[in-house]
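Enquirer: If you scroll down you'll find the structure; I have some questions about it.
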Amino acid sequence: MHEHTAPGLELVKADDFKEWLVDIRVLDPNPLYQNETYRLKFTFSQQYPIEAPEVVFVRDDTHPIPWHPHVYSNGIICLDLLDRAGWTPIHNVESVCVSLQSMLTSNTKKERPEGDEHFVKYNKQRPKDINFVFHDNQV
Amino acid sequence: MKVTFKSWNAVAFWRWDMPADDVCGICRNPYESTCSKCKYPGDDCPLLVGDCNHSFHMHCIFSWLRQESSQEKCPMCRQRMSFNGLPRCLIQEV
């Protein structure tokens, strides 16, 4: 991710190769995401890009967690390309962000994943260690 | 006048016969340069061309294929990865 980032993306922090922050906005007029900016945290392992980065939404006063049936209210994202089985090393920060923009923009449901409350309360695993089942090809 | 060559050294350089501005899809370094772990380009850090025609630094594609999750597939097209060798070289005299 260099000087020219895709529209709706802003690199907030990229001081090292451990952790980056990127702000993303949904540019299409989807009423669920109007006038909001979301903050993504990328955590890279030594093996990146052979291994997927860990990517979560982070919440603060000005950045909510977007509504989506695959985004838990603690910011954990269930998306196949971020999972071991769906990742390929030709992805990069920008392509992941663009995929997330597209995942959000095509969504019409103001919903959280099933079992969100329980998951957010009890999950202690790192996102990459969770075995998500990718059952839903609709959103 | 007669000139006698006692010895001579031919000097030339070579590069991979690849588009000059192309980068390895894995490490994003130019093909002309090395993977992110090597110091010297060329023979020490060669390129490999897959049968699917996608190319990578050899070290980059091998570290991907060593991952179980790669299922030995090309990161670009997800076809089973097999190689037909190194790319051609271009030699230029100086």
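Each chain in the structure tokens gets a letter, A, B, ..., in the order shown, and its residues are numbered from 1; ligands are numbered from 1 in order too.
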Name the residues of chain A that fall into alpha helix (DSSP H) according to DSSP on the backbone, using the chain letters and numbers of this document, as a list in words.

Expert: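 Output for chain A, alpha helix (DSSP H) only: Val93, Glu94, Ser95, Val96, Cys97, Val98, Ser99, Leu100, Gln101, Ser102, Met103, Leu104, Thr105, Asp116, Glu117, His118, Phe119, Val120, Lys121 and Tyr122 of chain A.
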
Enquirer: With a distance threshold of 7 Å and counting only C-alpha atoms, extract the residues of chain B near chain A and express them as a PyMOL selection string.

Expert: chain B and resi 25-26+64+69+75-76

Enquirer: Name all residues at most 8 Å from A:Ala6 (count only C-alpha atoms; drop same-chain ones fewer than 3 positions away) and give them as a ChimeraX atom specification.

Expert: /A:9,94,98

Enquirer: Can you write out the residues you just picked, keeping C-alpha atoms, as a PDB file, in the first residue's frame?

Expert:
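Written output follows (part_19.pdb):
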ATOM      1  CA  LEU A   9      -9.136   4.232   2.347  1.00  0.00           C
ATOM      2  CA  GLU A  94      -5.220  -2.549   0.064  1.00  0.00           C
ATOM      3  CA  VAL A  98     -11.283  -3.186  -0.860  1.00  0.00           C
TER       4      VAL A  98
END

Enquirer: Using only C-alpha atoms, which of A:Asn123, A:His135, A:Asp15, A:Thr108 sits nearest A:Pro29?

Expert: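 Ranked by minimum distance to A:Pro29, first place goes to A:Thr108.
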
Enquirer: Please identify all polymer residues within 10 Å of stretch 31-42 of chain A, counting only C-alpha atoms, omitting same-chain residues fewer than 3 positions from it, and present them as a ChimeraX atom specification.

Expert: /A:8-14,17-28,45,52-60,62-68,75,93,96-97,100,104-105,107-110

Enquirer: Output as a PyMOL selection string all residues of chain A that backbone DSSP marks as strand (DSSP E or B).

Expert: chain A and resi 9-13+19-24+38-43+54-58+60+63+71+76-77

Enquirer: Kindly save the residues from that selection, with C-alpha atoms included, as a PDB file, in the first residue's frame.

Expert:
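The result, written out as out-v9.pdb:
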ATOM      1  CA  LEU A   9      -9.136   4.232   2.347  1.00  0.00           C
ATOM      2  CA  GLU A  10      -6.775   6.169   4.542  1.00  0.00           C
ATOM      3  CA  LEU A  11      -3.591   4.852   6.065  1.00  0.00           C
ATOM      4  CA  VAL A  12      -3.591   6.074   9.657  1.00  0.00           C
ATOM      5  CA  LYS A  13      -0.587   4.337  11.147  1.00  0.00           C
ATOM      6  CA  GLU A  19       0.619  -3.270  13.217  1.00  0.00           C
ATOM      7  CA  TRP A  20      -1.144  -0.908  10.829  1.00  0.00           C
ATOM      8  CA  LEU A  21      -4.306   1.119  11.185  1.00  0.00           C
ATOM      9  CA  VAL A  22      -6.428   1.922   8.144  1.00  0.00           C
ATOM     10  CA  ASP A  23      -9.639   3.942   8.065  1.00  0.00           C
ATOM     11  CA  ILE A  24     -12.223   2.807   5.577  1.00  0.00           C
ATOM     12  CA  TYR A  38     -14.433   2.482  10.370  1.00  0.00           C
ATOM     13  CA  ARG A  39     -10.974   1.747  11.675  1.00  0.00           C
ATOM     14  CA  LEU A  40      -9.242  -1.500  10.796  1.00  0.00           C
ATOM     15  CA  LYS A  41      -6.286  -2.910  12.673  1.00  0.00           C
ATOM     16  CA  PHE A  42      -3.912  -5.154  10.734  1.00  0.00           C
ATOM     17  CA  THR A  43      -1.499  -7.289  12.727  1.00  0.00           C
ATOM     18  CA  GLU A  54      -5.075 -10.573  11.555  1.00  0.00           C
ATOM     19  CA  VAL A  55      -7.663  -7.958  10.618  1.00  0.00           C
ATOM     20  CA  VAL A  56     -10.264  -6.589  13.028  1.00  0.00           C
ATOM     21  CA  PHE A  57     -12.403  -3.480  13.285  1.00  0.00           C
ATOM     22  CA  VAL A  58     -11.525  -1.364  16.311  1.00  0.00           C
ATOM     23  CA  ASP A  60     -13.344   4.266  19.604  1.00  0.00           C
ATOM     24  CA  HIS A  63     -15.168   4.829  14.816  1.00  0.00           C
ATOM     25  CA  VAL A  71     -18.875  -8.789  11.780  1.00  0.00           C
ATOM     26  CA  ILE A  76     -13.873  -9.706  14.704  1.00  0.00           C
ATOM     27  CA  ILE A  77     -14.553 -10.364  11.044  1.00  0.00           C
TER      28      ILE A  77
END

Enquirer: Show which residues sit within 8 Å of B:Thr34, as a list in words. Count only C-alpha atoms, and ignore same-chain residues fewer than 6 positions away.

Expert: Tyr40, Pro41, Gly42, Cys45 and His57 of chain B

Enquirer: Suppose we keep C-alpha atoms; can you now write the selection as a short mmCIF file (atom, residue, chain, number, x, y, z; two decimals), in the first residue's frame?

Expert:
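out_25.cif, freshly written:
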data_model
loop_
_atom_site.label_atom_id
_atom_site.label_comp_id
_atom_site.auth_asym_id
_atom_site.auth_seq_id
_atom_site.Cartn_x
_atom_site.Cartn_y
_atom_site.Cartn_z
CA TYR B 40 22.03 -10.70 -4.23
CA PRO B 41 19.73 -10.95 -7.24
CA GLY B 42 20.28 -13.36 -10.10
CA CYS B 45 17.54 -15.74 -5.90
CA HIS B 57 10.86 -15.50 -6.80
#

Enquirer: What does the distance from atom CA of A:Pro69 to atom CA of B:Cys77 come to in Å, to one decimal?

Expert: 28.7 Å

Enquirer: Leaving out B:Gln79 and any residue of its chain fewer than 3 positions from it, which residues lie within 12 Å of it when counting only C-alpha atoms, given as a VMD selection string?

Expert: chain B and resid 50 to 54 70 to 76 82 to 83

Enquirer: Quick one: residues within 12 Å of stretch 8-12 of chain B, only C-alpha atoms counted, chain neighbours fewer than 2 positions away excluded, as an MDAnalysis selection string?

Expert: chainID B and resid 4:6 14:15 90:94

Enquirer: Any idea what the distance is between atom CA of B:Met58 and atom CA of B:Lys37?

Expert: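 Computed distance, atom CA of B:Met58 to atom CA of B:Lys37, equals 11.5 Å.
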
Enquirer: Go through A:Val120, A:Arg126, A:Phe134, A:Phe44 and flag the residue nearest A:Ser73, using only C-alpha atoms for the distances.

Expert: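 Answer, going by the shortest atom-to-atom distance: A:Val120.
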
Enquirer: For the atom pair atom CA of A:Asp61 and atom CA of A:Lys128, what is the interatomic distance in Å to one decimal place?

Expert: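 Those two atoms sit 26.4 Å apart.
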